[in-house]
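Chemist: File follows, model-v1.txt with compact mmCIF, C-alpha atoms:
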```
# COMPACT_ATOMS: atom_id res chain seq x y z
CA MET A 1 0.00 0.00 0.00
CA LYS A 2 1.34 3.45 -0.94
CA LEU A 3 1.95 5.97 1.79
CA GLN A 4 -0.16 9.14 1.71
CA LYS A 5 3.08 11.05 1.87
CA ARG A 6 5.26 13.13 -0.41
CA CYS A 7 8.29 11.37 -1.86
CA CYS A 8 11.09 13.61 -3.05
CA THR A 9 14.15 12.92 -5.14
CA VAL A 10 16.95 15.40 -5.72
CA GLY A 11 19.50 15.99 -8.48
CA LYS A 12 20.13 17.92 -11.67
CA PHE A 13 17.49 15.95 -13.59
CA GLU A 14 18.54 17.57 -16.85
CA SER A 15 17.69 14.61 -19.06
CA PHE A 16 15.40 12.30 -17.04
CA HIS A 17 17.51 9.35 -18.18
CA ARG A 18 17.08 5.74 -17.04
CA GLY A 19 18.94 6.37 -13.79
CA HIS A 20 16.61 9.26 -12.94
CA ARG A 21 13.59 7.18 -13.89
CA LYS A 22 14.61 4.37 -11.55
CA LEU A 23 14.50 6.87 -8.68
CA ILE A 24 11.06 8.05 -9.78
CA GLU A 25 9.74 4.50 -10.22
CA THR A 26 10.99 3.59 -6.74
CA ALA A 27 9.30 6.67 -5.28
CA LYS A 28 6.03 5.81 -7.04
CA ARG A 29 5.98 2.41 -5.35
CA ILE A 30 6.22 4.11 -1.94
CA CYS A 31 4.30 7.38 -2.09
CA SER A 32 1.15 8.77 -3.63
CA GLU A 33 2.79 12.12 -4.48
CA ILE A 34 6.16 12.46 -6.20
CA VAL A 35 8.24 15.63 -6.35
CA VAL A 36 11.48 15.97 -8.31
CA ILE A 37 13.70 18.74 -6.95
CA SER A 38 15.92 19.73 -9.84
CA ILE A 39 19.05 21.74 -9.08
CA ARG A 40 19.53 24.14 -11.99
CA GLY A 41 22.49 26.13 -13.23
CA LEU A 42 24.99 23.29 -13.37
CA GLY A 43 26.30 21.51 -16.46
CA LYS A 44 25.19 21.45 -20.09
CA LYS A 45 21.55 21.44 -21.13
CA ILE A 46 19.98 18.80 -23.36
CA PHE A 47 16.35 19.86 -23.08
CA SER A 48 14.65 23.25 -22.81
CA GLU A 49 12.69 24.07 -19.67
CA GLU A 50 9.40 23.55 -21.51
CA GLU A 51 10.61 20.16 -22.76
CA ARG A 52 11.57 19.13 -19.23
CA GLU A 53 8.13 20.16 -18.03
CA LYS A 54 6.58 17.98 -20.74
CA ILE A 55 8.69 15.01 -19.62
CA ALA A 56 7.65 15.57 -15.98
CA GLU A 57 4.01 15.80 -17.04
CA SER A 58 4.29 12.51 -18.94
CA LEU A 59 5.70 10.87 -15.79
CA ASN A 60 2.90 12.33 -13.64
CA ILE A 61 5.29 14.01 -11.24
CA ARG A 62 5.74 17.55 -9.93
CA LEU A 63 8.94 19.29 -10.98
CA ILE A 64 10.46 21.98 -8.75
CA ASN A 65 13.46 23.84 -10.19
CA VAL A 66 15.86 25.22 -7.59
CA PRO A 67 18.79 27.48 -8.58
CA PHE A 68 22.13 26.07 -7.42
CA SER A 69 22.97 29.50 -5.99
CA GLU A 70 20.09 29.08 -3.55
CA ILE A 71 21.47 25.93 -1.93
CA ARG A 72 25.20 25.96 -2.70
CA ASN A 73 26.27 27.09 0.79
CA LEU A 74 23.85 24.96 2.82
CA THR A 75 25.39 22.45 5.22
CA PRO A 76 24.03 18.88 5.02
CA LYS A 77 21.74 19.60 7.98
CA GLU A 78 20.51 22.86 6.46
CA PHE A 79 19.88 21.13 3.15
CA MET A 80 17.82 18.38 4.78
CA LYS A 81 15.85 21.09 6.60
CA PHE A 82 15.33 22.76 3.20
CA LEU A 83 13.81 19.49 1.91
CA LYS A 84 11.62 19.22 5.02
CA ASP A 85 10.29 22.71 4.36
CA LEU A 86 9.31 21.55 0.88
CA GLY A 87 7.16 18.90 2.50
CA CYS A 88 9.38 15.87 1.86
CA SER A 89 8.45 12.88 4.00
CA VAL A 90 10.48 10.29 2.07
CA LEU A 91 13.72 11.05 0.24
CA VAL A 92 14.67 8.70 -2.61
CA VAL A 93 18.26 9.09 -3.84
CA GLY A 94 21.01 7.16 -5.55
CA SER A 95 23.38 5.13 -3.40
CA GLU A 96 26.28 7.40 -4.43
CA TRP A 97 24.42 10.65 -3.72
CA LYS A 98 26.40 13.53 -2.16
CA PHE A 99 24.89 16.76 -0.88
CA GLY A 100 25.53 19.90 1.13
CA LYS A 101 28.37 22.40 0.83
CA ASN A 102 31.51 20.78 -0.61
CA ARG A 103 29.45 17.57 -1.05
CA ALA A 104 30.05 16.87 2.63
CA GLY A 105 27.00 14.64 3.12
CA ASP A 106 26.18 11.18 1.78
CA VAL A 107 23.30 8.71 2.14
CA ASN A 108 24.32 7.71 5.66
CA THR A 109 24.50 11.39 6.67
CA ALA A 110 21.03 11.94 5.21
CA ARG A 111 19.61 8.98 7.14
CA GLU A 112 21.09 10.22 10.40
CA ILE A 113 19.82 13.79 9.96
CA GLY A 114 16.53 12.54 8.53
CA LYS A 115 15.67 10.69 11.75
CA SER A 116 15.46 13.93 13.71
CA LEU A 117 13.46 15.66 10.94
CA GLY A 118 11.04 12.84 10.23
CA ILE A 119 12.41 12.15 6.74
CA GLU A 120 12.82 8.53 5.70
CA VAL A 121 15.74 8.03 3.30
CA VAL A 122 15.60 5.32 0.63
CA SER A 123 18.69 4.62 -1.50
CA VAL A 124 18.64 3.09 -4.98
CA GLU A 125 21.51 1.35 -6.73
CA THR A 126 23.19 3.24 -9.56
CA VAL A 127 21.99 2.32 -13.05
CA LYS A 128 24.81 1.38 -15.42
CA GLU A 129 25.16 0.60 -19.11
CA ASP A 130 28.26 -1.27 -20.32
CA SER A 131 29.62 -1.14 -16.75
CA GLU A 132 29.54 2.67 -16.77
CA LYS A 133 27.18 4.93 -14.85
CA ILE A 134 24.43 6.48 -16.96
CA SER A 135 24.82 10.26 -16.91
CA THR A 136 23.64 13.31 -18.81
CA SER A 137 27.23 14.16 -19.80
CA ARG A 138 27.62 10.70 -21.34
CA ILE A 139 24.35 11.13 -23.26
CA LEU A 140 25.46 14.55 -24.47
CA GLU A 141 28.74 13.10 -25.69
CA PHE A 142 26.87 10.48 -27.75
CA LEU A 143 24.56 13.12 -29.24
CA ARG A 144 27.45 15.38 -30.25
CA LYS A 145 29.03 12.45 -32.07
CA GLY A 146 25.80 11.59 -33.88
CA LYS A 147 25.41 8.37 -31.91
CA VAL A 148 21.69 8.93 -31.46
CA GLU A 149 20.77 5.27 -30.93
CA GLU A 150 23.33 4.98 -28.11
CA ALA A 151 22.06 8.19 -26.50
CA ASN A 152 18.45 6.98 -26.73
CA LYS A 153 19.41 3.72 -25.04
CA LEU A 154 20.73 5.63 -22.03
CA LEU A 155 17.78 8.02 -21.99
CA GLY A 156 15.23 5.22 -22.20
CA PHE A 157 13.25 7.28 -24.73
CA PRO A 158 14.06 9.06 -28.03
CA TYR A 159 15.92 12.35 -27.83
CA PHE A 160 13.56 15.09 -28.99
CA ALA A 161 13.14 18.77 -29.71
CA VAL A 162 10.02 20.93 -29.48
CA GLY A 163 9.61 23.84 -31.85
CA VAL A 164 7.26 25.99 -33.90
CA VAL A 165 6.62 25.55 -37.62
CA VAL A 166 7.84 28.60 -39.53
CA LYS A 167 7.87 29.64 -43.17
CA GLY A 168 10.97 28.58 -45.06
CA LYS A 169 12.31 29.52 -48.47
CA LYS A 170 10.30 26.65 -50.03
CA LEU A 171 13.42 25.43 -51.81
CA GLY A 172 12.63 21.83 -50.88
CA ARG A 173 9.23 22.12 -52.54
CA GLU A 174 10.89 23.33 -55.72
CA ILE A 175 12.89 20.08 -56.02
CA GLY A 176 9.98 17.80 -55.09
CA PHE A 177 10.64 17.38 -51.37
CA PRO A 178 8.50 19.89 -49.41
CA THR A 179 9.67 20.17 -45.82
CA VAL A 180 8.28 21.40 -42.53
CA ASN A 181 10.65 24.08 -41.22
CA ILE A 182 10.93 24.12 -37.44
CA GLU A 183 12.32 26.79 -35.15
CA THR A 184 13.49 24.93 -32.06
CA GLN A 185 13.71 26.22 -28.49
CA LYS A 186 17.38 25.32 -28.24
CA GLU A 187 20.54 24.72 -30.21
CA LEU A 188 20.59 21.01 -30.98
CA PRO A 189 23.68 19.17 -29.68
CA LEU A 190 23.84 17.18 -32.90
CA PRO A 191 26.19 17.08 -35.92
CA LEU A 192 24.80 18.79 -39.00
CA GLY A 193 23.28 16.12 -41.19
CA VAL A 194 20.37 13.86 -42.05
CA TYR A 195 18.35 11.92 -39.47
CA ALA A 196 15.55 9.38 -39.22
CA VAL A 197 12.88 11.17 -37.18
CA ARG A 198 9.29 11.05 -36.00
CA LEU A 199 7.15 14.19 -36.20
CA TYR A 200 4.31 14.82 -33.73
CA LEU A 201 1.81 17.29 -35.10
CA GLY A 202 -1.25 17.68 -32.87
CA ASN A 203 -2.70 14.18 -32.51
CA ARG A 204 -0.97 12.96 -35.65
CA VAL A 205 2.36 11.13 -35.83
CA PHE A 206 4.52 10.82 -38.95
CA ASP A 207 7.72 8.90 -39.64
CA GLY A 208 10.05 11.08 -41.64
CA ILE A 209 13.52 12.26 -42.49
CA SER A 210 15.10 15.51 -41.36
CA ASN A 211 18.00 17.69 -42.33
CA TYR A 212 19.59 19.67 -39.55
CA GLY A 213 22.02 22.05 -41.15
CA ARG A 214 22.70 24.86 -43.54
CA ALA A 215 21.55 23.18 -46.78
CA PRO A 216 24.74 24.37 -48.55
CA THR A 217 23.63 23.18 -52.00
CA LEU A 218 20.54 25.40 -51.78
CA LYS A 219 22.56 28.23 -50.20
CA ASN A 220 20.92 28.46 -46.78
CA SER A 221 23.22 29.98 -44.15
CA ASN A 222 21.95 29.48 -40.60
CA PRO A 223 21.41 25.95 -39.23
CA THR A 224 17.76 24.97 -39.52
CA LEU A 225 15.71 21.87 -38.79
CA GLU A 226 13.62 20.65 -41.71
CA VAL A 227 11.46 17.51 -41.79
CA PHE A 228 10.21 15.75 -44.91
CA ILE A 229 7.36 13.25 -44.61
CA PRO A 230 7.48 10.73 -47.49
CA GLU A 231 4.23 10.06 -49.35
CA LYS A 232 2.31 12.59 -47.26
CA GLU A 233 1.12 16.05 -48.20
CA LEU A 234 0.87 18.05 -45.00
CA PRO A 235 -1.41 21.10 -44.91
CA PRO A 236 0.08 24.50 -44.00
CA VAL A 237 0.82 24.33 -40.26
CA TYR A 238 2.67 27.59 -39.71
CA GLY A 239 2.72 28.67 -36.08
CA GLN A 240 1.86 25.24 -34.73
CA LYS A 241 4.00 23.63 -32.06
CA VAL A 242 5.50 20.27 -32.99
CA LYS A 243 7.77 17.66 -31.48
CA VAL A 244 10.55 15.89 -33.39
CA GLU A 245 12.06 12.65 -32.07
CA PHE A 246 15.48 11.59 -33.37
CA PHE A 247 16.25 7.93 -33.99
CA LYS A 248 19.32 7.59 -36.22
CA PHE A 249 22.03 9.71 -37.82
CA LEU A 250 21.96 8.71 -41.49
CA ARG A 251 24.78 10.84 -42.89
CA PRO A 252 26.64 14.14 -42.43
CA GLU A 253 25.54 17.22 -44.35
CA ARG A 254 27.52 17.92 -47.52
CA LYS A 255 27.48 20.25 -50.48
CA PHE A 256 26.56 18.73 -53.85
CA ASN A 257 27.74 19.88 -57.25
CA SER A 258 24.21 20.23 -58.59
CA VAL A 259 20.56 20.09 -57.57
CA GLU A 260 20.25 16.86 -59.56
CA GLU A 261 23.00 15.27 -57.47
CA LEU A 262 21.23 16.45 -54.32
CA VAL A 263 17.91 14.93 -55.47
CA ASN A 264 19.60 11.59 -56.18
CA GLN A 265 21.14 11.63 -52.69
CA ILE A 266 17.76 12.39 -51.08
CA LYS A 267 16.26 9.40 -52.91
CA PHE A 268 19.09 7.25 -51.56
CA ASP A 269 18.52 8.70 -48.06
CA LEU A 270 14.83 7.76 -48.29
CA LYS A 271 15.79 4.20 -49.24
CA ASN A 272 18.00 4.03 -46.11
CA LEU A 273 15.15 5.51 -44.08
CA ARG A 274 12.72 2.78 -45.18
CA GLU A 275 15.29 0.11 -44.35
CA PHE A 276 15.80 1.63 -40.90
CA TRP A 277 12.09 1.60 -40.08
CA ARG A 278 11.70 -1.97 -41.38
CA GLU A 279 14.54 -3.12 -39.12
CA ARG A 280 13.06 -1.21 -36.19
CA VAL A 281 9.65 -2.82 -36.62
CA GLY A 282 11.43 -6.18 -36.83
CA ARG A 283 13.05 -5.45 -33.45
CA GLY A 284 9.68 -4.65 -31.93
CA GLU A 285 10.06 -0.84 -31.93
CA GLU A 286 12.77 -0.97 -29.28
CA VAL A 287 14.62 2.21 -28.36
```
Any chance you could put this one into structure tokens?

Modeler:
Amino acid sequence: MKLQKRCCTVGKFESFHRGHRKLIETAKRICSEIVVISIRGLGKKIFSEEEREKIAESLNIRLINVPFSEIRNLTPKEFMKFLKDLGCSVLVVGSEWKFGKNRAGDVNTAREIGKSLGIEVVSVETVKEDSEKISTSRILEFLRKGKVEEANKLLGFPYFAVGVVVKGKKLGREIGFPTVNIETQKELPLPLGVYAVRLYLGNRVFDGISNYGRAPTLKNSNPTLEVFIPEKELPPVYGQKVKVEFFKFLRPERKFNSVEELVNQIKFDLKNLREFWRERVGRGEEV
């Protein structure tokens, strides 16, 4: 039976990867209300604040962002009191968790202080992949190298970006491949190139191919995200918010000698895209 108490877990929670989700799943087995206390202002960002809110909403948890500057000088005891003031009855953390000024406290410290404050402390074993701890920095490294499938495996869900559909130069339409141009909320930590993606537009979902780059053959300058949906004619959706999930890096962006050469490459890319989705369905749509 779940306790009618508030379970809290604490950390950066930048990416909500599999290690983070194990903490949340453990908390959900104990408490009826789950709060994630996310310490902000440290490290690189993978998701925008709105995207993180969407992830939290999908997990049915409450997300509280706390600036690092607000807690950086708190002693372990002061930090535990800070959690108590937030209404935490049960604290769920990783077994290697450190907290307080100069990382002076650990799980045993938290348990000792928690007894006097009425906070139960539950520790969870660290989640590893290939004998290495899953971390946001490791995920970011994979993304920067174009190793999207490896990054998704650590995340436990596809890396994604939320953005708004904007008007482009319609150069793709001129060569027979009309694209949806998306202005994202962040700079994508991905190599410029072509990707297998999934586009969420309202209640509709489309498998597609995207180019994230400068489209040098067509003389675009600033990096943009464009998505082409094969065999579908999408209506004008300017101003609508969309979500793009990334599944595989197909090839780097390059400049072609002619538009004809570019078109032939796109046709080859689409062939690779179909093969990717066939293999994915054969694997049971695994991440």

Chemist: With distances taken over only C-alpha atoms, which residue among A:Cys31, A:Val93, A:Leu117, A:Val36 lies nearest Val66 in chain A?

Modeler: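 Closest candidate: A:Val36.
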
Chemist: Could you please determine the separation between CA of Val122 in chain A and CA of His20 in chain A in Å, to one decimal place?

Modeler: 14.2 Å

Chemist: When distances are computed from only C-alpha atoms, which of A:Asn181, A:Ser15, A:Ser123, A:Asn264 shows the smallest separation from Leu91 in chain A?

Modeler: A:Ser123

Chemist: Rank A:Leu42, A:Leu190, A:Val127, A:Leu199 by their smallest atom-to-atom distance to Glu253 in chain A, using only C-alpha atoms, and report the top residue only.

Modeler: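 Checking each candidate against Glu253 in chain A, we get A:Leu190 as the closest.
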
Chemist: Any idea what's packed within 9 Å of Trp97 in chain A, counting only C-alpha atoms, ignoring anything in its chain fewer than 4 positions away? Could you give it as a ChimeraX atom specification?

Modeler: /A:11,93,103,105-107,123

Chemist: So which residues touch range 223-226 of chain A within 8 Å, counting all atoms listed in the file, skipping near sequence neighbours fewer than 2 positions away, as an MDAnalysis selection string?

Modeler: chainID A and resid 179:184 192 210:214 220:221 228

Chemist: Export, as a CSV table (one decimal), in the frame of the given file, the selected residues with C-alpha atoms.

Modeler:
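selection38.csv, freshly written:
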```csv
chain,number,residue,atom,x,y,z
A,179,THR,CA,9.7,20.2,-45.8
A,180,VAL,CA,8.3,21.4,-42.5
A,181,ASN,CA,10.6,24.1,-41.2
A,182,ILE,CA,10.9,24.1,-37.4
A,183,GLU,CA,12.3,26.8,-35.2
A,184,THR,CA,13.5,24.9,-32.1
A,192,LEU,CA,24.8,18.8,-39.0
A,210,SER,CA,15.1,15.5,-41.4
A,211,ASN,CA,18.0,17.7,-42.3
A,212,TYR,CA,19.6,19.7,-39.6
A,213,GLY,CA,22.0,22.0,-41.2
A,214,ARG,CA,22.7,24.9,-43.5
A,220,ASN,CA,20.9,28.5,-46.8
A,221,SER,CA,23.2,30.0,-44.2
A,228,PHE,CA,10.2,15.8,-44.9
```

Chemist: I'd like the contact shell of Lys186 in chain A - 12 Å cut-off, all atoms listed in the file, skipping same-chain residues fewer than 3 positions apart - returned as a list of chain:residue names.

Modeler: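 Residues meeting the cut-off are A:Lys44, A:Lys45, A:Ile46, A:Phe47, A:Ser48, A:Glu49, A:Glu50, A:Glu51, A:Phe160, A:Ala161, A:Val162, A:Gly163, A:Val164, A:Ile182, A:Glu183, A:Pro189, A:Leu190, A:Pro223, A:Thr224, A:Leu225.
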
Chemist: Nearest residue to Gly43 in chain A out of A:Val205, A:Val121, A:Leu140, A:Val237, using all atoms listed in the file?

Modeler: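 Comparing A:Val205, A:Val121, A:Leu140, A:Val237 against Gly43 in chain A, the winner is A:Leu140.
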
Chemist: Rank A:Asn73, A:Asn65, A:Thr126, A:Ser89 by their smallest atom-to-atom distance to Ser32 in chain A, using all atoms listed in the file, and report the top residue only.

Modeler: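 Ranking A:Asn73, A:Asn65, A:Thr126, A:Ser89 by distance to Ser32 in chain A, first place goes to A:Ser89.
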
Chemist: Work out how far apart CA of Pro158 in chain A and CA of Val197 in chain A are and give it in Å to one decimal.

Modeler: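 Result for CA of Pro158 in chain A versus CA of Val197 in chain A: 9.5 Å, one decimal.
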
Chemist: Nearest to Glu78 in chain A among A:Val90, A:Ile39, A:Ile55, A:Ala104, with distances taken over only C-alpha atoms: which residue is it?

Modeler: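 So, comparing all the options, the nearest one is A:Ala104.
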